[in-house]
Each structure stands twice: as C-alpha cells, then as structure tokens.
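The next block is coords-v5.cif, given as mmCIF, C-alpha atoms.
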data_input
loop_
_atom_site.label_atom_id
_atom_site.label_comp_id
_atom_site.auth_asym_id
_atom_site.auth_seq_id
_atom_site.Cartn_x
_atom_site.Cartn_y
_atom_site.Cartn_z
CA LEU B 14 0.00 0.00 0.00
CA ARG B 15 1.45 3.35 -1.03
CA LEU B 16 2.17 5.82 1.76
CA ASP B 17 -0.11 8.52 0.35
CA VAL B 18 -3.01 6.07 -0.02
CA ALA B 19 -2.55 4.79 3.52
CA CYS B 20 -2.07 8.20 5.10
CA ILE B 21 -4.68 10.44 3.45
CA PRO B 22 -7.65 8.84 5.26
CA LEU B 23 -5.64 8.94 8.50
CA LEU B 24 -4.13 12.44 8.30
CA LYS B 25 -6.82 14.65 6.71
CA PRO B 26 -9.50 14.04 9.38
CA SER B 27 -6.96 13.20 12.12
CA HIS B 28 -8.29 9.68 12.59
CA ASN B 29 -6.69 8.67 15.91
CA VAL B 30 -8.31 5.23 16.03
CA MET B 31 -6.81 4.46 12.62
CA ALA B 32 -3.40 5.79 13.75
CA ASP B 33 -3.54 3.59 16.85
CA GLY B 34 -4.49 0.60 14.70
CA LEU B 35 -1.62 1.26 12.31
CA LEU B 36 0.90 1.38 15.16
CA ARG B 37 -0.43 -1.91 16.57
CA HIS B 38 -0.38 -3.45 13.08
CA LEU B 39 3.29 -2.51 12.68
CA GLY B 40 3.98 -4.28 15.96
CA TRP B 41 2.09 -7.36 14.79
CA LYS B 42 3.54 -7.45 11.28
CA LEU B 43 7.15 -6.49 12.02
CA GLY B 44 7.59 -7.00 15.74
CA SER B 45 6.57 -9.14 18.65
CA GLY B 46 2.80 -8.66 18.80
CA ASP B 47 -0.36 -6.63 18.37
CA THR B 48 0.42 -3.96 20.97
CA PHE B 49 1.32 -0.28 21.08
CA ALA B 50 4.66 -1.18 22.67
CA ALA B 51 5.50 -3.62 19.87
CA GLY B 52 4.64 -0.97 17.27
CA ALA B 53 6.67 1.71 19.05
CA ALA B 54 9.59 -0.73 19.18
CA GLN B 55 9.50 -0.65 15.34
CA VAL B 56 8.81 3.06 14.85
CA VAL B 57 11.32 4.64 17.27
CA PRO B 58 14.37 2.81 15.83
CA TRP B 59 13.13 3.71 12.32
CA LEU B 60 12.97 7.37 13.36
CA LYS B 61 16.57 7.13 14.54
CA ASN B 62 18.08 4.95 11.82
CA SER B 63 16.12 5.91 8.70
CA ALA B 64 14.91 9.43 9.43
CA ASP B 65 18.09 10.29 11.38
CA LEU B 66 16.15 11.81 14.28
CA ASN B 67 17.57 12.21 17.74
CA THR B 68 15.11 9.97 19.59
CA ASN B 69 16.26 10.91 23.10
CA GLY B 70 13.21 11.60 25.24
CA ILE B 71 10.65 10.23 22.78
CA VAL B 72 7.81 8.45 24.52
CA MET B 73 5.33 6.67 22.26
CA ASN B 74 2.49 4.97 24.12
CA ASP B 75 -0.01 5.04 21.23
CA GLY B 76 -0.21 6.08 17.58
CA SER B 77 -2.21 9.26 18.10
CA GLY B 78 0.61 11.80 18.06
CA LEU B 79 -0.41 14.50 20.54
CA SER B 80 -1.59 12.44 23.48
CA HIS B 81 -1.14 12.52 27.24
CA GLY B 82 1.00 9.39 26.97
CA ASN B 83 3.29 10.58 24.17
CA SER B 84 6.23 12.95 24.22
CA PHE B 85 8.07 14.44 21.25
CA SER B 86 9.99 17.69 21.18
CA ALA B 87 9.26 20.48 18.71
CA ARG B 88 12.71 19.93 17.19
CA GLN B 89 11.94 16.23 16.67
CA THR B 90 8.62 17.10 15.04
CA VAL B 91 10.20 19.64 12.67
CA SER B 92 12.96 17.18 11.78
CA LEU B 93 10.41 14.47 11.01
CA VAL B 94 8.28 16.78 8.82
CA ARG B 95 11.40 17.81 6.88
CA TYR B 96 12.47 14.20 6.44
CA MET B 97 9.03 13.02 5.31
CA LEU B 98 8.68 15.83 2.75
CA ALA B 99 12.10 15.06 1.29
CA ALA B 100 11.96 11.26 1.39
CA PHE B 101 8.26 10.71 0.66
CA PRO B 102 6.84 13.64 -1.34
CA SER B 103 3.44 11.94 -1.61
CA TRP B 104 3.12 12.09 2.20
CA ASP B 105 2.33 15.78 1.76
CA ASP B 106 -0.93 14.84 0.01
CA GLY B 107 -2.23 13.61 3.35
CA LEU B 108 -1.61 16.83 5.26
CA PRO B 109 -4.67 19.05 5.73
CA ILE B 110 -4.49 22.37 3.87
CA GLY B 111 -5.56 25.66 5.45
CA CYS B 112 -9.08 26.77 4.39
CA VAL B 113 -9.27 23.78 2.02
CA ASP B 114 -9.70 20.45 3.79
CA GLY B 115 -9.15 18.27 6.81
CA THR B 116 -8.86 19.53 10.35
CA ILE B 117 -7.79 23.02 9.25
CA SER B 118 -10.50 23.55 6.62
CA SER B 119 -11.94 26.46 8.59
CA ARG B 120 -8.59 27.95 9.63
CA PHE B 121 -6.53 30.52 7.74
CA CYS B 122 -9.44 31.57 5.51
CA GLY B 123 -9.01 35.16 4.31
CA THR B 124 -5.31 35.14 5.28
CA ASP B 125 -2.04 34.42 3.50
CA GLY B 126 -2.29 30.92 4.98
CA ASN B 127 -5.30 30.11 2.81
CA GLY B 128 -4.17 27.18 0.68
CA THR B 129 -0.53 27.51 1.73
CA VAL B 130 -0.50 26.05 5.26
CA HIS B 131 -0.08 22.26 5.27
CA ALA B 132 -0.33 21.03 8.84
CA LYS B 133 -1.63 18.58 11.40
CA THR B 134 -3.53 19.70 14.44
CA GLY B 135 -3.47 18.25 17.89
CA SER B 136 -5.29 19.18 21.04
CA LEU B 137 -5.50 18.15 24.65
CA SER B 138 -7.20 19.83 27.55
CA ILE B 139 -3.87 21.50 28.39
CA SER B 140 -2.40 22.25 24.95
CA ILE B 141 -3.09 22.85 21.29
CA ALA B 142 -0.55 22.12 18.55
CA LEU B 143 -0.13 22.81 14.86
CA SER B 144 2.75 21.07 13.06
CA GLY B 145 3.57 21.44 9.41
CA TYR B 146 4.78 24.08 7.01
CA ILE B 147 3.76 27.05 4.91
CA ASP B 148 4.95 27.96 1.45
CA ASN B 149 5.59 31.68 1.71
CA PRO B 150 4.33 33.32 -1.50
CA TYR B 151 6.41 36.46 -0.87
CA ASP B 152 9.86 34.87 -0.79
CA ASN B 153 9.20 31.33 -2.07
CA GLN B 154 10.60 29.87 1.16
CA ARG B 155 9.10 26.84 2.88
#

This structure in structure tokens:
Amino acid sequence: LRLDVACIPLLKPSHNVMADGLLRHLGWKLGSGDTFAAGAAQVVPWLKNSADLNTNGIVMNDGSGLSHGNSFSARQTVSLVRYMLAAFPSWDDGLPIGCVDGTISSRFCGTDGNGTVHAKTGSLSISIALSGYIDNPYDNQR
C-alpha cells in the first residue's frame, strides 16, 4: 500500500483510532505482537536509523501523536516533517491544507495561509498544537 493512499484517510480528518491501529499493526507485522509497545519498538528505531532523528526523550504509548502518553519535542517534530517531505513527497498529500480540507479547513481563511498552510492539528485539555509548514508566497521559502 502506497504511503499517500494509507495516510490520506488517516491524516486529513486526524483519525486517531486508525493511527492507533496502524501502530499496533506494525507491531504485529514487524515485531513481537499486536500492541502499542511492539509498534513503538518498530517506529522509534526507524525514526533514529532511517529518518536520522535524535530519539532521546521520545515516549510513544499510542499512535495518536499528541496524546497525554506521548512525548516528542518540537525539534523532533520539525525534523520528522522535513524528512518526510524530502523522502516521501506523496506524504504531503495527506496533510490538511488551510481553508481547504481536513482539520484546518476552517482555519486561515481570508489570510495568507489560505491554501498555503499544510499542517496537522493536535489538542489536549492543556495544549493545542499545529505542526507542518507554509509555502511563503512572498519569498518562495518553505
């Protein structure tokens, strides 16, 4: 299954149940069992060895990204977004686009972010996050 095909239904609406299922499936298919821990045991070394991320301090208790049981630094998140965009350009097709679709379809409308912000949202009772990128139309920088 291609990455863009697998990720679009997961990323656009921020389908946490699907993300959790994918992490458990990775544990079942590649690791020691159908558990979050088995999936994380596959993902964290991949982040370090393939994506070249510093994985110090990463805690991955489920597949839902922003979650009370997970911990990733902002630097790790930025590094992962940069890696994914460079290594898997079709992954970008799954990111919601400001004022267009997904979880940010009602954000950035009437601003320079309309159609140029590509990002994932996350929210907890104590925090709100937005991770992604913007293509700046004024200087062509990402």

*Check what the PyMOL selection byres ((chain B and resi 55) around 8) selects in the file above and give those residues as a list in words.*
Leu39, Gly40, Leu43, Gly44, Ala51, Gly52, Ala53, Ala54, Val56, Val57, Pro58 and Trp59 of chain B

_Restricting the calculation to all atoms listed in the file: of B:Ser92, B:Ser45, B:Ser80, B:Asn153, which residue gets closest to Leu66 of chain B?_
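Nearest to Leu66 of chain B: B:Ser92.
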
Please evaluate the PyMOL selection byres ((chain B and resi 72) around 10) against the structure above and give the resulting residues as a CSV table (one decimal) with C-alpha atoms, keeping the file's coordinate frame.
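Generated file (selection_30.csv):
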chain,number,residue,atom,x,y,z
B,53,ALA,CA,6.7,1.7,19.0
B,57,VAL,CA,11.3,4.6,17.3
B,68,THR,CA,15.1,10.0,19.6
B,69,ASN,CA,16.3,10.9,23.1
B,70,GLY,CA,13.2,11.6,25.2
B,71,ILE,CA,10.6,10.2,22.8
B,73,MET,CA,5.3,6.7,22.3
B,74,ASN,CA,2.5,5.0,24.1
B,75,ASP,CA,0.0,5.0,21.2
B,82,GLY,CA,1.0,9.4,27.0
B,83,ASN,CA,3.3,10.6,24.2
B,84,SER,CA,6.2,13.0,24.2
B,85,PHE,CA,8.1,14.4,21.2

*asked:* Taking 6 positions as the minimum chain separation for residues in the same chain, which residues sit within 10 Å of Arg95 of chain B when counting only C-alpha atoms? Answer as a list in words.
replied: Ala64, Gln89, Phe101, Gly145 and Tyr146 of chain B

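The gap separating atom CA of Trp104 of chain B from atom CA of Leu16 of chain B is 6.4 Å, in Å to one decimal.
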
*Quick one, how far is atom CA of Leu36 of chain B from atom CA of Cys112 of chain B?*
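Separating atom CA of Leu36 of chain B from atom CA of Cys112 of chain B is a distance of 29.3 Å.
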
*Can you work out which one of B:Ile110, B:Leu60, B:Ile117, B:Ala142 has the shortest atom-to-atom distance to Met97 of chain B, counting only C-alpha atoms?*
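For Met97 of chain B, the nearest of the given residues is B:Leu60.
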
*asked:* Please expand the PyMOL selection byres ((chain B and resi 118) around 12) into the concrete residues it hits in this file, giving the result as a list in words.
replied: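 Matching residues under the PyMOL selection byres ((chain B and resi 118) around 12) are Lys25, Pro26, Leu108, Pro109, Ile110, Gly111, Cys112, Val113, Asp114, Gly115, Thr116, Ile117, Ser119, Arg120, Phe121, Cys122, Gly123, Gly126, Asn127, Gly128, Thr129, Val130, His131, Ala132, Lys133 and Thr134 of chain B.
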
What's the 8 Å shell around Gly76 of chain B, counting only C-alpha atoms, without same-chain residues fewer than 6 positions away, as a CSV table (one decimal) with C-alpha atoms, keeping the file's coordinate frame?
chain,number,residue,atom,x,y,z
B,29,ASN,CA,-6.7,8.7,15.9
B,32,ALA,CA,-3.4,5.8,13.8
B,33,ASP,CA,-3.5,3.6,16.8
B,34,GLY,CA,-4.5,0.6,14.7
B,35,LEU,CA,-1.6,1.3,12.3
B,36,LEU,CA,0.9,1.4,15.2
B,49,PHE,CA,1.3,-0.3,21.1

*Using only C-alpha atoms, pick whichever of B:Leu79, B:Cys20, B:Val94, B:Ala50 has the shortest atom-to-atom distance to Ser138 of chain B.*
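Counting only C-alpha atoms, the residue closest to Ser138 of chain B is B:Leu79.
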
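In this structure, atom CA of Gly135 of chain B sits 28.3 Å away from atom CA of Asp152 of chain B.
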
What lies within 7 Å of Asp106 of chain B using only C-alpha atoms, ignoring chain neighbours under 3 positions off, as a PDB file with C-alpha atoms, in the frame of the given file?
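Written file, around-v9.pdb:
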ATOM      1  CA  ASP B  17      -0.110   8.520   0.350  1.00  0.00           C
ATOM      2  CA  ILE B  21      -4.680  10.440   3.450  1.00  0.00           C
ATOM      3  CA  SER B 103       3.440  11.940  -1.610  1.00  0.00           C
TER       4      SER B 103
END

*From the list B:Ser86, B:Arg37, B:Thr124, B:Leu137, which residue is nearest Asn149 of chain B when using all atoms listed in the file?*
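Of the candidates, the smallest distance to Asn149 of chain B is held by B:Thr124.
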